[in-house]
$ cat final23.txt   # compact mmCIF, C-alpha atoms
# COMPACT_ATOMS: atom_id res chain seq x y z
CA MET N 1 -75.80 -48.20 -81.01
CA GLN N 2 -72.16 -47.45 -81.75
CA HIS N 3 -70.93 -44.46 -83.75
CA TYR N 4 -67.86 -44.74 -86.00
CA ASN N 5 -65.43 -42.21 -87.31
CA SER N 6 -64.20 -41.92 -90.90
CA ASN N 7 -61.98 -45.01 -90.52
CA GLN N 8 -64.93 -47.06 -89.23
CA THR N 9 -63.17 -47.45 -85.88
CA PRO N 10 -64.99 -46.55 -82.66
CA THR N 11 -63.25 -43.89 -80.61
CA VAL N 12 -62.31 -44.53 -77.00
CA GLN N 13 -64.79 -41.97 -75.70
CA GLU N 14 -67.66 -43.46 -77.73
CA THR N 15 -66.81 -46.97 -76.57
CA GLU N 16 -66.82 -45.78 -72.97
CA VAL N 17 -70.22 -44.12 -73.42
CA GLU N 18 -71.57 -47.31 -74.96
CA ALA N 19 -70.36 -49.38 -72.02
CA VAL N 20 -71.77 -46.94 -69.49
CA SER N 21 -75.09 -46.95 -71.31
CA SER N 22 -75.34 -50.73 -71.25
CA ASN N 23 -74.41 -50.88 -67.56
CA ALA N 24 -76.94 -48.20 -66.68
CA THR N 25 -79.65 -50.00 -68.63
CA GLY N 26 -78.85 -53.27 -66.94
CA SER N 27 -79.00 -51.73 -63.46
CA ALA N 28 -82.18 -49.85 -64.29
CA ASN N 29 -83.91 -53.08 -65.26
CA ASN N 30 -83.06 -54.65 -61.91
CA PRO N 31 -84.47 -52.51 -59.07
CA ILE N 32 -85.08 -55.55 -56.84
CA ALA N 33 -82.05 -54.96 -54.60
CA ALA N 34 -83.04 -51.33 -54.02
CA GLY N 35 -86.60 -52.36 -53.17
CA ILE N 36 -85.48 -55.06 -50.73
CA SER N 37 -83.03 -52.68 -49.04
CA MET N 38 -85.71 -50.02 -48.70
CA THR N 39 -88.24 -52.50 -47.25
CA LEU N 40 -85.77 -53.87 -44.68
CA GLY N 41 -84.73 -50.36 -43.65
CA ILE N 42 -88.35 -49.29 -43.08
CA LEU N 43 -89.15 -52.46 -41.09
CA PHE N 44 -86.10 -52.30 -38.81
CA ASN N 45 -86.45 -48.58 -38.12
CA VAL N 46 -90.16 -48.88 -37.29
CA VAL N 47 -89.45 -51.73 -34.84
CA ALA N 48 -86.71 -49.69 -33.18
CA LEU N 49 -89.00 -46.64 -32.94
CA ILE N 50 -91.68 -48.70 -31.18
CA ILE N 51 -89.13 -50.01 -28.64
CA LEU N 52 -87.79 -46.48 -28.06
CA ALA N 53 -91.28 -45.04 -27.61
CA LYS N 54 -92.06 -47.61 -24.89
CA ALA N 55 -88.73 -46.98 -23.18
CA TYR N 56 -89.21 -43.20 -23.32
CA SER N 57 -92.62 -43.44 -21.66
CA ARG N 58 -91.03 -45.52 -18.87
CA TYR N 59 -88.01 -43.22 -18.31
CA ARG N 60 -89.70 -39.89 -19.03
CA ARG N 61 -88.52 -38.19 -15.81
CA ARG N 62 -85.08 -39.75 -15.55
CA SER N 63 -81.68 -38.86 -16.94
CA LYS N 64 -82.04 -41.54 -19.60
CA ALA N 65 -84.96 -39.63 -21.16
CA THR N 66 -82.57 -37.24 -22.93
CA PHE N 67 -80.63 -40.11 -24.45
CA LEU N 68 -83.85 -41.83 -25.56
CA LEU N 69 -85.12 -38.61 -27.14
CA LEU N 70 -81.89 -38.25 -29.13
CA ALA N 71 -81.93 -41.94 -30.07
CA SER N 72 -85.55 -41.67 -31.24
CA SER N 73 -84.63 -38.65 -33.36
CA LEU N 74 -81.72 -40.61 -34.85
CA ILE N 75 -83.91 -43.57 -35.80
CA ALA N 76 -86.66 -41.29 -37.16
CA THR N 77 -84.07 -39.45 -39.27
CA ASP N 78 -82.68 -42.77 -40.52
CA LEU N 79 -86.20 -43.84 -41.45
CA ALA N 80 -86.89 -40.65 -43.40
CA GLY N 81 -83.44 -40.81 -44.97
CA HIS N 82 -84.13 -44.33 -46.14
CA VAL N 83 -87.64 -43.72 -47.51
CA ILE N 84 -87.20 -40.42 -49.36
CA PRO N 85 -83.95 -41.07 -51.30
CA GLY N 86 -85.00 -44.70 -51.79
CA ALA N 87 -88.27 -43.62 -53.36
CA LEU N 88 -86.40 -41.27 -55.71
CA VAL N 89 -84.06 -44.07 -56.78
CA LEU N 90 -86.95 -46.46 -57.42
CA ARG N 91 -88.73 -43.75 -59.40
CA ARG N 92 -85.57 -43.27 -61.47
CA TYR N 93 -85.47 -47.01 -62.13
CA SER N 94 -89.13 -47.14 -63.19
CA VAL N 95 -88.90 -44.09 -65.45
CA HIS N 96 -85.96 -45.52 -67.36
CA THR N 97 -87.52 -48.99 -67.56
CA GLN N 98 -90.74 -47.59 -69.02
CA GLY N 99 -88.86 -45.43 -71.54
CA SER N 100 -88.01 -46.56 -75.02
CA THR N 101 -84.86 -48.56 -75.63
CA ASP N 102 -83.60 -45.90 -78.05
CA ASP N 103 -83.22 -43.26 -75.34
CA SER N 104 -79.82 -41.67 -75.53
CA VAL N 105 -77.25 -41.92 -72.79
CA SER N 106 -77.37 -38.19 -72.16
CA THR N 107 -81.11 -38.38 -71.49
CA PHE N 108 -80.61 -40.98 -68.79
CA ARG N 109 -77.57 -39.28 -67.30
CA GLY N 110 -79.16 -35.84 -67.37
CA ASP N 111 -77.42 -32.56 -68.01
CA PRO N 112 -74.48 -32.21 -65.57
CA GLU N 113 -74.56 -28.44 -65.96
CA ASN N 114 -78.33 -28.08 -65.42
CA PRO N 115 -79.65 -31.01 -63.35
CA ASP N 116 -83.41 -31.35 -63.06
CA ALA N 117 -85.42 -30.65 -59.91
CA SER N 118 -85.51 -34.33 -58.97
CA CYS N 119 -81.71 -34.52 -59.00
CA LEU N 120 -81.36 -31.34 -56.95
CA PHE N 121 -83.81 -32.65 -54.35
CA GLY N 122 -82.19 -36.10 -54.28
CA GLY N 123 -78.69 -34.69 -53.89
CA GLY N 124 -79.86 -32.40 -51.10
CA CYS N 125 -81.46 -35.38 -49.34
CA MET N 126 -78.22 -37.35 -49.62
CA VAL N 127 -76.26 -34.56 -47.93
CA PHE N 128 -78.94 -33.74 -45.34
CA PHE N 129 -79.68 -37.32 -44.29
CA GLY N 130 -75.97 -38.09 -44.40
CA LEU N 131 -74.98 -35.34 -41.98
CA CYS N 132 -77.94 -35.61 -39.58
CA PRO N 133 -77.18 -39.11 -38.20
CA LEU N 134 -73.50 -38.23 -37.76
CA PHE N 135 -74.37 -34.97 -35.98
CA LEU N 136 -76.89 -36.79 -33.78
CA GLY N 137 -74.40 -39.52 -32.94
CA CYS N 138 -71.90 -36.85 -31.92
CA ALA N 139 -74.52 -35.04 -29.81
CA MET N 140 -75.51 -38.29 -28.07
CA ALA N 141 -71.86 -39.07 -27.31
CA ALA N 142 -71.28 -35.56 -25.92
CA GLU N 143 -74.43 -35.78 -23.79
CA ARG N 144 -73.39 -39.12 -22.29
CA CYS N 145 -69.83 -37.91 -21.75
CA LEU N 146 -71.17 -34.98 -19.73
CA GLY N 147 -73.58 -37.26 -17.87
CA VAL N 148 -70.87 -39.75 -16.93
CA THR N 149 -68.06 -37.34 -16.07
CA LYS N 150 -70.10 -34.44 -14.60
CA PRO N 151 -73.50 -35.82 -13.50
CA LEU N 152 -74.47 -32.79 -11.39
CA LEU N 153 -73.65 -30.36 -14.20
CA HIS N 154 -75.54 -32.60 -16.63
CA ALA N 155 -78.63 -32.58 -14.39
CA ARG N 156 -78.49 -28.79 -14.19
CA LEU N 157 -77.83 -28.02 -17.87
CA VAL N 158 -79.48 -30.78 -19.90
CA THR N 159 -83.26 -30.53 -20.02
CA THR N 160 -85.89 -31.78 -22.43
CA ALA N 161 -86.51 -28.27 -23.79
CA ARG N 162 -82.80 -27.68 -24.44
CA THR N 163 -82.47 -31.10 -26.02
CA LYS N 164 -85.28 -30.31 -28.45
CA MET N 165 -83.62 -26.97 -29.23
CA ALA N 166 -80.33 -28.79 -29.92
CA LEU N 167 -82.15 -31.18 -32.25
CA ALA N 168 -83.63 -28.25 -34.17
CA LEU N 169 -80.18 -26.66 -34.51
CA ILE N 170 -78.67 -29.96 -35.75
CA TRP N 171 -81.34 -30.37 -38.43
CA LEU N 172 -81.01 -26.68 -39.37
CA LEU N 173 -77.22 -26.95 -39.75
CA ALA N 174 -77.53 -30.04 -41.96
CA LEU N 175 -80.20 -28.29 -44.03
CA CYS N 176 -77.98 -25.23 -44.52
CA VAL N 177 -75.15 -27.40 -45.80
CA ALA N 178 -77.52 -29.29 -48.13
CA LEU N 179 -78.80 -25.99 -49.58
CA LEU N 180 -75.34 -24.61 -50.40
CA PRO N 181 -75.65 -25.52 -54.15
CA TYR N 182 -78.72 -23.29 -54.34
CA PHE N 183 -76.39 -20.41 -53.44
CA SER N 184 -73.86 -21.34 -56.16
CA LEU N 185 -71.49 -23.18 -53.83
CA GLY N 186 -71.10 -26.58 -55.45
CA ALA N 187 -73.60 -28.54 -57.51
CA TYR N 188 -75.50 -31.83 -57.53
CA THR N 189 -75.42 -34.13 -60.53
CA TYR N 190 -76.38 -37.69 -61.43
CA GLN N 191 -73.83 -40.29 -60.39
CA TYR N 192 -72.98 -43.61 -62.02
CA PRO N 193 -75.07 -45.67 -62.79
CA TRP N 194 -77.15 -42.49 -63.14
CA THR N 195 -79.82 -43.50 -60.60
CA TRP N 196 -78.76 -41.29 -57.69
CA CYS N 197 -77.53 -37.73 -57.22
CA PHE N 198 -74.68 -36.37 -55.17
CA ILE N 199 -72.04 -33.64 -55.17
CA ARG N 200 -70.25 -33.23 -58.50
CA VAL N 201 -66.98 -35.03 -57.72
CA VAL N 202 -66.28 -37.36 -60.68
CA GLU N 203 -66.97 -35.19 -63.74
CA GLY N 204 -66.68 -31.45 -64.32
CA THR N 205 -65.54 -30.61 -60.79
CA ARG N 206 -64.90 -26.93 -60.15
CA ASP N 207 -63.39 -25.04 -57.25
CA THR N 208 -66.85 -24.51 -55.71
CA ASP N 209 -67.54 -28.27 -55.90
CA LEU N 210 -64.23 -28.98 -54.21
CA ALA N 211 -65.06 -26.50 -51.46
CA PHE N 212 -68.52 -28.05 -51.03
CA VAL N 213 -67.26 -31.62 -50.74
CA MET N 214 -64.57 -30.46 -48.30
CA VAL N 215 -67.24 -28.84 -46.11
CA PHE N 216 -69.44 -31.94 -46.26
CA SER N 217 -66.67 -34.46 -45.63
CA GLY N 218 -64.97 -32.24 -43.07
CA LEU N 219 -68.12 -31.85 -40.96
CA ALA N 220 -68.94 -35.55 -41.20
CA LEU N 221 -65.45 -36.76 -40.31
CA SER N 222 -65.20 -34.21 -37.49
CA SER N 223 -68.46 -35.54 -36.04
CA LEU N 224 -67.13 -39.08 -36.12
CA ALA N 225 -63.85 -38.01 -34.48
CA SER N 226 -65.67 -36.03 -31.77
CA ALA N 227 -67.95 -39.00 -31.04
CA PHE N 228 -64.89 -41.24 -30.75
CA VAL N 229 -63.23 -38.89 -28.23
CA CYS N 230 -66.40 -38.52 -26.13
CA ASN N 231 -67.12 -42.26 -26.10
CA THR N 232 -63.51 -43.01 -25.16
CA ILE N 233 -63.67 -40.60 -22.21
CA SER N 234 -67.03 -42.06 -21.10
CA GLY N 235 -65.74 -45.62 -21.35
CA ILE N 236 -62.57 -44.89 -19.38
CA THR N 237 -64.57 -43.08 -16.70
CA LEU N 238 -67.01 -45.97 -16.31
CA VAL N 239 -64.21 -48.53 -16.10
CA ARG N 240 -62.42 -46.51 -13.41
CA ALA N 241 -65.64 -46.09 -11.44
CA ARG N 242 -66.36 -49.81 -11.66
CA LEU N 243 -62.85 -50.69 -10.43
CA LYS N 244 -63.06 -48.29 -7.49
CA LYS N 245 -66.48 -49.40 -6.28
CA LYS N 246 -66.46 -52.34 -3.89
CA LYS N 247 -69.96 -52.51 -2.42
CA PRO N 248 -72.19 -50.14 -4.36
CA CYS N 249 -75.75 -49.51 -3.30
CA SER N 250 -78.54 -50.79 -5.53
CA GLN N 251 -79.52 -47.30 -6.77
CA ARG N 252 -75.99 -46.39 -7.83
CA SER N 253 -75.51 -49.82 -9.36
CA SER N 254 -78.67 -49.37 -11.45
CA ALA N 255 -77.55 -45.92 -12.62
CA GLY N 256 -74.11 -47.26 -13.46
CA SER N 257 -75.57 -50.13 -15.48
CA GLN N 258 -77.77 -47.68 -17.39
CA ASP N 259 -74.74 -45.52 -18.19
CA THR N 260 -72.81 -48.59 -19.33
CA GLU N 261 -75.71 -49.68 -21.53
CA MET N 262 -75.97 -46.26 -23.19
CA VAL N 263 -72.22 -45.98 -23.77
CA VAL N 264 -72.11 -49.48 -25.28
CA GLN N 265 -74.94 -48.52 -27.63
CA LEU N 266 -73.14 -45.31 -28.57
CA VAL N 267 -69.94 -47.19 -29.31
CA GLY N 268 -71.92 -49.57 -31.53
CA ILE N 269 -73.55 -46.66 -33.38
CA MET N 270 -70.19 -44.92 -33.78
CA VAL N 271 -68.44 -48.02 -35.13
CA THR N 272 -71.31 -48.66 -37.54
CA SER N 273 -71.24 -45.05 -38.78
CA CYS N 274 -67.45 -45.13 -39.23
CA ILE N 275 -67.58 -48.35 -41.25
CA CYS N 276 -70.55 -47.31 -43.39
CA TRP N 277 -69.88 -43.61 -44.02
CA SER N 278 -66.09 -43.28 -44.09
CA PRO N 279 -65.67 -44.90 -47.55
CA LEU N 280 -68.08 -42.49 -49.28
CA LEU N 281 -66.60 -39.45 -47.51
CA VAL N 282 -63.02 -40.41 -48.33
CA PHE N 283 -63.78 -41.50 -51.91
CA ALA N 284 -65.69 -38.28 -52.65
CA LEU N 285 -62.90 -36.13 -51.25
CA MET N 286 -60.19 -38.06 -53.12
CA SER N 287 -62.15 -38.02 -56.40
CA ALA N 288 -62.84 -34.28 -56.25
CA THR N 289 -59.22 -33.49 -55.36
CA LYS N 290 -57.76 -35.65 -58.13
CA LEU N 291 -60.23 -34.38 -60.73
CA TYR N 292 -59.61 -30.76 -59.79
CA SER N 293 -55.87 -31.29 -60.12
CA GLY N 294 -56.31 -33.06 -63.49
CA MET N 295 -55.16 -36.50 -62.29
CA LEU N 296 -58.44 -38.46 -62.49
CA ASP N 297 -58.67 -39.22 -66.22
CA SER N 298 -57.06 -42.65 -66.00
CA ASP N 299 -58.88 -43.56 -62.76
CA ARG N 300 -62.35 -42.21 -63.57
CA ASP N 301 -64.00 -45.63 -63.93
CA THR N 302 -62.35 -46.82 -60.73
CA PHE N 303 -63.69 -43.90 -58.75
CA ARG N 304 -67.14 -44.36 -60.26
CA GLY N 305 -67.17 -47.90 -58.90
CA LEU N 306 -65.81 -46.71 -55.54
CA MET N 307 -68.55 -44.09 -55.27
CA VAL N 308 -71.23 -46.72 -55.93
CA THR N 309 -69.70 -48.97 -53.25
CA GLY N 310 -69.53 -46.03 -50.85
CA VAL N 311 -73.17 -45.03 -51.26
CA ARG N 312 -74.30 -48.64 -50.83
CA MET N 313 -72.34 -48.90 -47.59
CA ALA N 314 -73.80 -45.56 -46.42
CA THR N 315 -77.29 -46.92 -47.10
CA CYS N 316 -76.50 -49.93 -44.90
CA ASN N 317 -75.91 -47.55 -41.97
CA GLN N 318 -79.61 -46.64 -41.91
CA ILE N 319 -80.47 -50.34 -41.76
CA LEU N 320 -77.92 -51.25 -39.08
CA ASP N 321 -78.48 -48.31 -36.70
CA PRO N 322 -81.79 -49.65 -35.33
CA TRP N 323 -80.29 -53.12 -34.90
CA VAL N 324 -77.43 -51.65 -32.87
CA TYR N 325 -79.95 -50.21 -30.41
CA ILE N 326 -82.19 -53.30 -30.41
CA LEU N 327 -79.41 -55.83 -29.83
CA LEU N 328 -77.32 -53.80 -27.36
CA ARG N 329 -80.06 -53.29 -24.78
CA ARG N 330 -79.56 -54.64 -21.26
CA ALA N 331 -82.40 -57.13 -21.58
CA VAL N 332 -80.94 -58.63 -24.75
CA LEU N 333 -77.39 -58.63 -23.41
CA ARG N 334 -78.53 -60.37 -20.21
CA LYS N 335 -80.25 -63.08 -22.22
CA ILE N 336 -77.15 -63.57 -24.36
CA TYR N 337 -75.01 -63.69 -21.21
CA ARG N 338 -77.32 -66.28 -19.57
CA ILE N 339 -77.39 -68.45 -22.67
CA THR N 340 -73.60 -68.27 -22.98
CA LYS N 341 -73.17 -69.02 -19.28
CA ARG N 342 -75.52 -72.01 -19.48
CA ARG N 343 -73.68 -73.44 -22.44
CA ALA N 344 -70.32 -72.89 -20.74
CA SER N 345 -71.54 -74.53 -17.53
CA PHE N 346 -73.05 -77.40 -19.52
CA LYS N 347 -69.76 -77.97 -21.34
CA GLY N 348 -67.88 -77.74 -18.03
CA SER N 349 -70.16 -80.25 -16.32
CA THR N 350 -69.90 -82.61 -19.30
CA PHE N 351 -66.11 -82.32 -19.21
CA ARG N 352 -66.03 -82.95 -15.43
CA SER N 353 -68.33 -85.96 -15.72
CA ALA N 354 -66.19 -87.37 -18.52
CA ARG N 355 -63.06 -86.93 -16.39
CA TRP N 356 -64.83 -88.59 -13.44
CA ASP N 357 -65.86 -91.55 -15.61
CA ILE N 358 -62.30 -92.00 -16.88
CA SER N 359 -60.76 -91.74 -13.42
CA SER N 360 -63.33 -94.15 -11.93
CA PHE N 361 -62.67 -96.59 -14.78
CA GLN N 362 -58.93 -96.40 -14.17
CA THR N 363 -59.42 -96.92 -10.42
CA SER N 364 -61.63 -99.96 -10.94
CA GLU N 365 -59.15 -101.36 -13.43
CA LYS N 366 -56.30 -101.00 -10.94
CA SER N 367 -58.28 -102.66 -8.18
CA SER N 368 -59.13 -105.63 -10.42
CA VAL N 369 -55.46 -106.08 -11.32
CA ASN N 370 -54.50 -106.05 -7.62
CA ASN N 371 -57.11 -108.66 -6.84
CA ILE N 372 -55.65 -110.94 -9.51

$ encode --input "final23.txt" --output "structure tokens"
Amino acid sequence: MQHYNSNQTPTVQETEVEAVSSNATGSANNPIAAGISMTLGILFNVVALIILAKAYSRYRRRSKATFLLLASSLIATDLAGHVIPGALVLRRYSVHTQGSTDDSVSTFRGDPENPDASCLFGGGCMVFFGLCPLFLGCAMAAERCLGVTKPLLHARLVTTARTKMALALIWLLALCVALLPYFSLGAYTYQYPWTWCFIRVVEGTRDTDLAFVMVFSGLALSSLASAFVCNTISGITLVRARLKKKKPCSQRSSAGSQDTEMVVQLVGIMVTSCICWSPLLVFALMSATKLYSGMLDSDRDTFRGLMVTGVRMATCNQILDPWVYILLRRAVLRKIYRITKRRASFKGSTFRSARWDISSFQTSEKSSVNNI
């Protein structure tokens, strides 16, 4: 319902609110995409956890056990990060769908100054489950870098007990960052289309919100950069070792193939995280900076759309992470290599037979001409 001023002309602000209300209502009445995404994420992560559990029981006393423990923690965190925020979003959809059609926009958007408990919990989950996979990916890359470059030092320092302690510290650090708004550093608020909560970066941003989003984005981007450096060092080391080795023994060859497999999986996880998380981190930082400096008024709707795109891409990371591990295993890569090799050899043999048929035809043709 539109409100008019004394000249019976709707103001720009009221027209904007009306448009936002209609868009929010439309998205709230269509929770199918969120439900499908949540179902796929649960299915893929459960399959990956089963594969990792079997692999961990097989390599329990080997150097790969540490990597598998970290990978299992990553997939379990992705699973929890997909279920809990997804359930909150679906609940938000259902509550608005069951409400009356005369609900005001402010009721659906919530109070930006005093968000409800559900918004505070949802925003904290977004930050916590956003940082944890990036921290874990960085820890896995650092562990493999140490294992590839300094294997003796890795065997002496890295143990199962220390790995579990590192996991606890990673989760504790992410939890401390997520709880910063409870200590008056930043705030969570509903984000367009008012079905999810995140750091206050589009409307009413203050200096504490800017500091909070800088801490969040800075830690996340630093984790991605550290993982990139570690994976690059590991990859270069493995390539050099492979070029130097002429006749490796079977045991060293097996260890080298395991290292290569783990580094390939880490590169896949890192690339996936960079593609999925970088947009949300950059958009949030840009939006908060522009709003704090008073330059966002004309671009507010644009950044709302960018934030929605960013959070959807970040959600895809929790769906793609298990597939990166499943598809980049040695067994799968060997099958792909064999199938590709068979097809290449089949095409080569077909091409050679076709050339033989043509040459034999030309030879027979020449001989018949000579006989004439």

$ residues_around --input "final23.txt" --residues "Leu221 (chain N)" --least-positions-apart "6" --cutoff "9 Å" --atoms "all atoms listed in the file" --output "list in words"
Leu134, Cys274, Trp277, Ser278 and Leu281 of chain N

$ closest_residue --input "final23.txt" --among "N:Cys316, N:Ala161, N:Ala141, N:Leu180" --to "Ser37 (chain N)" --atoms "only C-alpha atoms"
N:Cys316

$ residues_around --input "final23.txt" --residues "Cys276 (chain N)" --least-positions-apart "6" --cutoff "7 Å" --atoms "only C-alpha atoms" --output "number ranges by chain"
N: 313-314, 316-317

$ closest_residue --input "final23.txt" --among "N:Met38, N:Ile75, N:Ala48, N:Ala139" --to "Leu90 (chain N)" --atoms "all atoms listed in the file"
N:Met38

$ closest_residue --input "final23.txt" --among "N:Tyr337, N:Phe198, N:Phe212, N:Phe67" --to "Glu143 (chain N)" --atoms "only C-alpha atoms"
N:Phe67

$ closest_residue --input "final23.txt" --among "N:Cys230, N:Leu306, N:Val201, N:Leu167" --to "Met214 (chain N)" --atoms "only C-alpha atoms"
N:Val201

$ atom_distance --input "final23.txt" --atom1 "CA of Ser222 (chain N)" --atom2 "CA of Gly137 (chain N)"
11.6 Å

$ atom_distance --input "final23.txt" --atom1 "CA of Cys132 (chain N)" --atom2 "CA of Leu68 (chain N)"
16.4 Å

$ closest_residue --input "final23.txt" --among "N:Ala55, N:Val158, N:Ala76, N:Ala284" --to "Val215 (chain N)" --atoms "all atoms listed in the file"
N:Ala284

$ atom_distance --input "final23.txt" --atom1 "CA of Val83 (chain N)" --atom2 "CA of Ile319 (chain N)"
11.3 Å

$ closest_residue --input "final23.txt" --among "N:Ser226, N:Thr289, N:Pro151, N:Arg240" --to "Asp207 (chain N)" --atoms "all atoms listed in the file"
N:Thr289

$ residues_around --input "final23.txt" --residues "Asp209 (chain N)" --least-positions-apart "4" --cutoff "8 Å" --atoms "only C-alpha atoms" --output "short mmCIF file (atom, residue, chain, number, x, y, z; two decimals) with C-alpha atoms, keeping the file's coordinate frame"
data_model
loop_
_atom_site.label_atom_id
_atom_site.label_comp_id
_atom_site.auth_asym_id
_atom_site.auth_seq_id
_atom_site.Cartn_x
_atom_site.Cartn_y
_atom_site.Cartn_z
CA LEU N 185 -71.49 -23.18 -53.83
CA GLY N 186 -71.10 -26.58 -55.45
CA ALA N 187 -73.60 -28.54 -57.51
CA ILE N 199 -72.04 -33.64 -55.17
CA ARG N 200 -70.25 -33.23 -58.50
CA VAL N 201 -66.98 -35.03 -57.72
CA THR N 205 -65.54 -30.61 -60.79
CA VAL N 213 -67.26 -31.62 -50.74
CA ALA N 288 -62.84 -34.28 -56.25
#

$ residues_around --input "final23.txt" --residues "Gly130 (chain N)" --least-positions-apart "3" --cutoff "12 Å" --atoms "all atoms listed in the file" --output "VMD selection string"
chain N and resid 74 77 to 78 80 to 82 85 122 to 127 133 to 137 171 174 to 175 177 to 178 198 216 to 217 219 to 221 223 273 276 to 278 280 to 281 311 313 to 318

$ closest_atom_pairs --input "final23.txt" --of "region 193-300 of chain N" --to "region 320-331 of chain N" --cutoff "7 Å" --atoms "only C-alpha atoms" --output "Markdown table"
| residue | atom | partner | partner_atom | distance |
| --- | --- | --- | --- | --- |
| N:Glu261 | CA | N:Arg330 | CA | 6.3 |
| N:Gln265 | CA | N:Leu328 | CA | 5.8 |
| N:Gly268 | CA | N:Val324 | CA | 6.0 |
| N:Ile269 | CA | N:Asp321 | CA | 6.2 |

$ axis_aligned_box --input "final23.txt" --around "region 230-235 of chain N" --padding-each-side "8 Å" --output "AutoDock Vina command-line options"
--center_x -65.3 --center_y -42.1 --center_z -23.6 --size_x 19.6 --size_y 23.1 --size_z 21.0

$ residues_around --input "final23.txt" --residues "Tyr192 (chain N)" --least-positions-apart "4" --cutoff "8 Å" --atoms "only C-alpha atoms" --output "list in words"
Ala24, Trp196, Arg304, Gly305 and Val308 of chain N

$ decode --input "final23.txt" --residues "region 260-281 of chain N" --atoms "C-alpha atoms" --output "mmCIF file, in the first residue's frame"
data_model
loop_
_atom_site.group_PDB
_atom_site.id
_atom_site.type_symbol
_atom_site.label_atom_id
_atom_site.label_comp_id
_atom_site.auth_asym_id
_atom_site.auth_seq_id
_atom_site.Cartn_x
_atom_site.Cartn_y
_atom_site.Cartn_z
ATOM 1 C CA THR N 260 50.655 -34.959 -5.002
ATOM 2 C CA GLU N 261 47.079 -36.107 -4.433
ATOM 3 C CA MET N 262 46.748 -34.063 -1.239
ATOM 4 C CA VAL N 263 48.268 -30.936 -2.783
ATOM 5 C CA VAL N 264 45.961 -31.221 -5.817
ATOM 6 C CA GLN N 265 42.974 -31.488 -3.481
ATOM 7 C CA LEU N 266 44.185 -28.470 -1.504
ATOM 8 C CA VAL N 267 44.586 -26.426 -4.666
ATOM 9 C CA GLY N 268 41.041 -27.376 -5.660
ATOM 10 C CA ILE N 269 39.689 -26.373 -2.235
ATOM 11 C CA MET N 270 41.637 -23.100 -2.328
ATOM 12 C CA VAL N 271 40.423 -22.171 -5.813
ATOM 13 C CA THR N 272 36.838 -23.006 -4.849
ATOM 14 C CA SER N 273 37.073 -20.905 -1.672
ATOM 15 C CA CYS N 274 38.597 -17.963 -3.554
ATOM 16 C CA ILE N 275 35.860 -18.005 -6.199
ATOM 17 C CA CYS N 276 32.993 -18.470 -3.735
ATOM 18 C CA TRP N 277 34.041 -16.275 -0.804
ATOM 19 C CA SER N 278 36.006 -13.411 -2.357
ATOM 20 C CA PRO N 279 32.921 -11.615 -3.788
ATOM 21 C CA LEU N 280 31.115 -11.431 -0.427
ATOM 22 C CA LEU N 281 34.272 -10.334 1.414
#
